[in-house]
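Asks: A single structure is presented below for examination.
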Amino acid sequence: MTAAIESTDARRIRSAPVSSVSLRGRERRRTVVLGIVAWVVGLIFFGPIVWMLLTSLHSESNAATNPPSLFAPLTLSSYANFFGASSGASPWPPLINSAMMSIGSTLLVLVLSIPAAYALAIRPVKKWSDVLFFFLTTKMLPMVAGLLPLYLIAKTLGLLDTVGLMVILYTAMNLPIAVWMMRSFFAEVPLEVIEAAQVDGAGLLLTFRRIIIPLASPGIIATALICFIFSWNELLFASVLTSTTSYTAPVFLTSFVTSEGLFLSKVCAASIAISLPVLVAGFAAQDKLVQGLSLGAIK
Amino acid sequence: MTRRHLATAITGIAMAATAAIALAGCSGAGGGSTNASGGTLKVLMVNNPQMVDLQKLTADNFTKQTGIKVDYTVLPEDDLRAKASQEFSAQAGQYDVATISNYEVPFYSKNGWLLSLDDNVAKDASFKQDDILQPIQDALTGSDGKIYAEPFYGESSMLYYRKDIFQKEGLTMPANPTWEQVAALADKLNNAEPGMAGICLRGQPGWGQMIAPLTTVVNTMGGTWFDDDWNAQVTGAGFTKAANFYIDLVKKDGEKGAAQAGYTECLNDMTQGKAAMWYDATAAAGSLEASDSPVKGKIGYAAAPVDQTKSSGWLYSWAWGIEKASKNQSDAEKFIEWASGPDYANLVAKKYGWAQVPPGTRTSLYENPDYQKDAGAFYKQVQDAINSADPTNPGVQKRPAPGIQFVAIPEFANLGTDASQEFSDAIAGKTSVSAALKAVQSEAQKVGDKYK
């Protein structure tokens with residue numbers, strides 16, 4: 001509603017000859033209003049994270065009070081606890097496991113989904129829309145339904161508690177999404193550019209390397225990041241299929257919950273620490289990500 | 001062009017396949033390489049404060065003495081149960097030792113999932129099996145008479161009350177109170193101080209939450225979940241009386257937000273002076289008397305309140321069991337002999353103090369003068385509570401399966417949790433007690449029919 005009024009306002013401003021002072025004033029007011037809306041929405045999204053950060057910096061007893069003690073003294077003891085101060089358990093093995101699984105499966109997804117997307121977007125195979133739909137149907141089975149069969153298969157093959165098994169599973173889980181995303185990004189690459197390259201004598205690999213990949217790189221990075229985040233955050237399969245050697249960061253996170261005693265601050269500290277790699281990856285890819293996610297919208 | 005196209009595709013697939021195969025052989029970063037003097041033991045463990053201490057003490061003590069490295073997976077209680085039943089039923093061999101409780105031992109042992117400890121740990125003279133408290137040992141013995149798990153700690157239930165508030169109000173707590181007396185006291189103590197509840201009782205859904213104290217009230221008021229022939233007795237006179245009593249008491253004189261209050265919430269209320277009495281696990285005594293507790297020294301201890309039975313306290317123990325499919329059984333036995341052994345208490349006491357020693361397993365702990373001095377406020381009450389618990393005969397009638405605050409069958413976890421949701425709704429006023437009982441009765445009968 002506000003937005004609609006705002007835009008008619010703007011149109012009127014542009015069409016009617018208004019003195020430059022009041023125009024600037026109105027524009028400023030509009031910017032301020034939009035700015036406030038953006039901030040409020042941003043804070044609503046960011047609020048829980050600030051709350052988690054604050055809780056993680058309080059002592060356990062201050063974190064558990066009701067009403068909350070906002071201004072209680074800050075302490076890093078929960079972070080010390082994350083690094084094994086009270087249990088002696090190091091957080092590095094699960095973090096390394098998670099990194100291996102997320103990076104490994106993301107690379108594998110890219111290797112498989114880029115050619116698949118090419119075959120669906122740039123040189124469409126016969127019945128490409130059916131193929132695309134088939135990819136989507138693999139996401140329709142509830143994941144839980146596959147859990148028990150997978151557990152038994154992994155047990156028989158001796159693959160329980162291995163990084164490789166999780167890499168294969170995460171690849172399989174993310175592949176359909178990646179193909180879909182990548183296809184829409186590849187479809188944005190103008191066919192004329194590709195044809196021009198071919199006229200100039202570039203082969204498939206060269207066209208790929210010099211034309212398609214650079215043009216679609218924001219999309220590829222956005223896809224890779226999403227696959228990385230999905231694998232990094234996955235809990236259900238990891239908690240069932242891994243145990244002492246290949247357990248992941250989310251499984252490690254649950255180990256701070258106890259039914260006898262307080263744990264809020266510890267869990268918040270661990271959550272913050274485990275979210276950091278995703279945050280860093282997101283920031284690193286921010287420019288490309290914004291491009292990638294808005295690709296097509298401004299064509 | 002087409003051929004090149006194909007070649008690229010094949011190269012891609014081949015690369016992916018090679019990477020997958022290479023990775024499949026790769027194990028994770030957790031777990032160490034096996035060293036020369038001993039193997040690596042995999043232990044699945046519940047996250048409780050005493051277990052975390054054990055985890056910290058392992059490397060410098062157990063591993064140093066035996067050369068056996070221990071890798072732990074620590075999980076919250078519900079996740080642990082799910083993981084343990086999945087692991088043991090499949091005999092997957094991912095773990096050698098797991099913390100199981102006296103709830104699991106009867107049917108785990110019956111299903112042949114556990115290694116009997118009769119001929120190894122229990123036989124070892126230095127382990128001193130006869131030092132283990134008798135009710136705890138009985139609770140960890142299978143129906144074939146063999147011991148299947150050794151306790152890490154044990155607990156019963158008792159009544160906590162604020163001595164200072166009682167004195168101020170001119171009230172006294174009988175040594176063996178009845179529920180009737182406790183209800184009358186709660187009524188008088190409600191709002192004794194601003195915002196103070198007369199009594200704190202668990203109302204949070206979960207078979208390990210409100211169902212535990214509620215079932216002990218059911219037992220002592222003459223009720224039971226099932227009679228000896230597996231007929232559900234939830235709408236029977238005893239169960240009905242107990243459920244009405246418990247829910248009325250919580251609604252009238254209980255804590256704020258009772259429908260969501262479990263052990264942790266009640267412990268908070270008691271510590272922060274928001275409850276005058278609390279009926280719960282004996283394990284809380286250590287927290288209430290901890291050096292940083294605001295109510296240290298102000299707490300009195302009484303036996304679990306009764307009605308028709310002589311005692312009503314529950315019995316619970318986290319214990320170590322060895323998976324039958326384990327390939328490291330002799331290492332696993334050594335681990336249990338250390339963690340449940342007679343010297344472990346001294347080790348914890350030296351490092352963390354007597355208050356953090358896992359209680360409730362050995363007579364020798366209760367006879368230790370240092371422990372008696374440190375836990376003087378409550379040790380006797382805890383010992384008596386455990387020794388008076390009888391898991392095979394906790395009520396006024398014969399039972400088809402062992403257990404005081406639960407029925408030791410695999411279906412009870414679901415049944416109890418569903419039932420607790422009904423009762424919790426009744427506490428919150430969303431349904432009536434009689435409607436809740438009726439719903440639970442029909443579900444309980446479905447479970448009972450499986451065993452008929």
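A note on labels: chains of the structure tokens are A, B, ... as shown, every chain counts residues from 1, and ligands are counted from 1 in their shown order.
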Just want the 8 Å neighbourhood of stretch 145-160 of chain A, counted on only C-alpha atoms, with same-chain residues fewer than 4 positions away dropped. Output as a PyMOL selection string.
Replies: (chain A and resi 141+164-165+237+240-242) or (chain B and resi 24+92+94)
Asks: Keeping only N, CA, C and O atoms, write the selected residues to a file as a PDB file, in the first residue's frame.
Replies:
```pdb
ATOM      1  N   LEU A 141      10.290 -37.084  -2.960  1.00  0.00           N
ATOM      2  CA  LEU A 141      10.246 -38.097  -1.903  1.00  0.00           C
ATOM      3  C   LEU A 141      10.748 -37.442  -0.612  1.00  0.00           C
ATOM      4  O   LEU A 141      11.815 -36.829  -0.607  1.00  0.00           O
ATOM      5  N   GLY A 164      33.093 -40.087   2.625  1.00  0.00           N
ATOM      6  CA  GLY A 164      32.718 -40.350   1.242  1.00  0.00           C
ATOM      7  C   GLY A 164      31.227 -40.562   1.075  1.00  0.00           C
ATOM      8  O   GLY A 164      30.599 -40.013   0.166  1.00  0.00           O
ATOM      9  N   LEU A 165      30.634 -41.337   1.975  1.00  0.00           N
ATOM     10  CA  LEU A 165      29.202 -41.601   1.900  1.00  0.00           C
ATOM     11  C   LEU A 165      28.426 -40.295   1.962  1.00  0.00           C
ATOM     12  O   LEU A 165      27.499 -40.063   1.182  1.00  0.00           O
ATOM     13  N   PHE A 237      20.612 -36.574   8.185  1.00  0.00           N
ATOM     14  CA  PHE A 237      21.392 -37.688   7.651  1.00  0.00           C
ATOM     15  C   PHE A 237      22.708 -37.844   8.421  1.00  0.00           C
ATOM     16  O   PHE A 237      23.123 -38.956   8.734  1.00  0.00           O
ATOM     17  N   VAL A 240      22.328 -39.646  11.745  1.00  0.00           N
ATOM     18  CA  VAL A 240      22.035 -41.078  11.689  1.00  0.00           C
ATOM     19  C   VAL A 240      23.206 -41.862  11.087  1.00  0.00           C
ATOM     20  O   VAL A 240      23.541 -42.951  11.548  1.00  0.00           O
ATOM     21  N   LEU A 241      23.859 -41.316  10.074  1.00  0.00           N
ATOM     22  CA  LEU A 241      24.827 -42.104   9.308  1.00  0.00           C
ATOM     23  C   LEU A 241      26.280 -41.915   9.744  1.00  0.00           C
ATOM     24  O   LEU A 241      27.162 -42.588   9.232  1.00  0.00           O
ATOM     25  N   THR A 242      26.548 -40.988  10.635  1.00  0.00           N
ATOM     26  CA  THR A 242      27.924 -40.848  11.114  1.00  0.00           C
ATOM     27  C   THR A 242      27.979 -41.124  12.610  1.00  0.00           C
ATOM     28  O   THR A 242      26.959 -41.044  13.293  1.00  0.00           O
TER      29      THR A 242
ATOM     30  N   ALA B  24      35.024 -42.078  -0.928  1.00  0.00           N
ATOM     31  CA  ALA B  24      34.289 -43.101  -0.193  1.00  0.00           C
ATOM     32  C   ALA B  24      35.213 -43.867   0.745  1.00  0.00           C
ATOM     33  O   ALA B  24      34.802 -44.329   1.801  1.00  0.00           O
ATOM     34  N   ALA B  92      25.138 -52.576  14.516  1.00  0.00           N
ATOM     35  CA  ALA B  92      25.926 -51.988  13.439  1.00  0.00           C
ATOM     36  C   ALA B  92      27.423 -51.959  13.739  1.00  0.00           C
ATOM     37  O   ALA B  92      28.228 -51.768  12.836  1.00  0.00           O
ATOM     38  N   GLN B  94      29.115 -49.731  15.197  1.00  0.00           N
ATOM     39  CA  GLN B  94      29.710 -48.393  15.179  1.00  0.00           C
ATOM     40  C   GLN B  94      30.206 -47.988  16.565  1.00  0.00           C
ATOM     41  O   GLN B  94      31.038 -47.110  16.687  1.00  0.00           O
TER      42      GLN B  94
END
```
Asks: Could you give me, as an MDAnalysis selection string, the residues within 6 Å of stretch 415-428 of chain B, counting only C-alpha atoms and dropping anything in the same chain fewer than 6 positions from it?
Replies: chainID B and resid 203 205:207 247 259 436 440
Asks: For the residues selected in the previous step, produce a file with C-alpha atoms as an mmCIF file, in the first residue's frame.
Replies:
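The result, stored in part_9.cif:
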```cif
data_model
loop_
_atom_site.group_PDB
_atom_site.id
_atom_site.type_symbol
_atom_site.label_atom_id
_atom_site.label_comp_id
_atom_site.auth_asym_id
_atom_site.auth_seq_id
_atom_site.Cartn_x
_atom_site.Cartn_y
_atom_site.Cartn_z
ATOM 1 C CA GLY B 203 4.310 -30.529 33.817
ATOM 2 C CA PRO B 205 5.401 -33.190 28.087
ATOM 3 C CA GLY B 206 7.785 -36.116 27.680
ATOM 4 C CA TRP B 207 7.841 -39.598 29.165
ATOM 5 C CA ILE B 247 -2.969 -31.932 38.095
ATOM 6 C CA ALA B 259 2.693 -27.035 31.499
ATOM 7 C CA ALA B 436 -7.227 -36.954 28.949
ATOM 8 C CA VAL B 440 -4.622 -42.305 27.164
#
```
Asks: Here is a test: counting only C-alpha atoms, which residue of B:Ser432, B:Ser317, B:Gln55, B:Thr363 is nearest to B:Glu104?
Replies: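 So, comparing all the options, the nearest one is B:Ser317.
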Asks: I'd like to know which of A:Ala178, A:Ala38, A:Met173, A:Val257 is closest to chain B, using only C-alpha atoms.
Replies: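 Ranked by minimum distance to chain B, first place goes to A:Val257.
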Asks: Given only C-alpha atoms as the basis, pick out the residue of B:Tyr352, B:Phe226, B:Trp179, B:Trp338 nearest to chain A.
Replies: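 Under the stated criterion, the closest residue is B:Tyr352.
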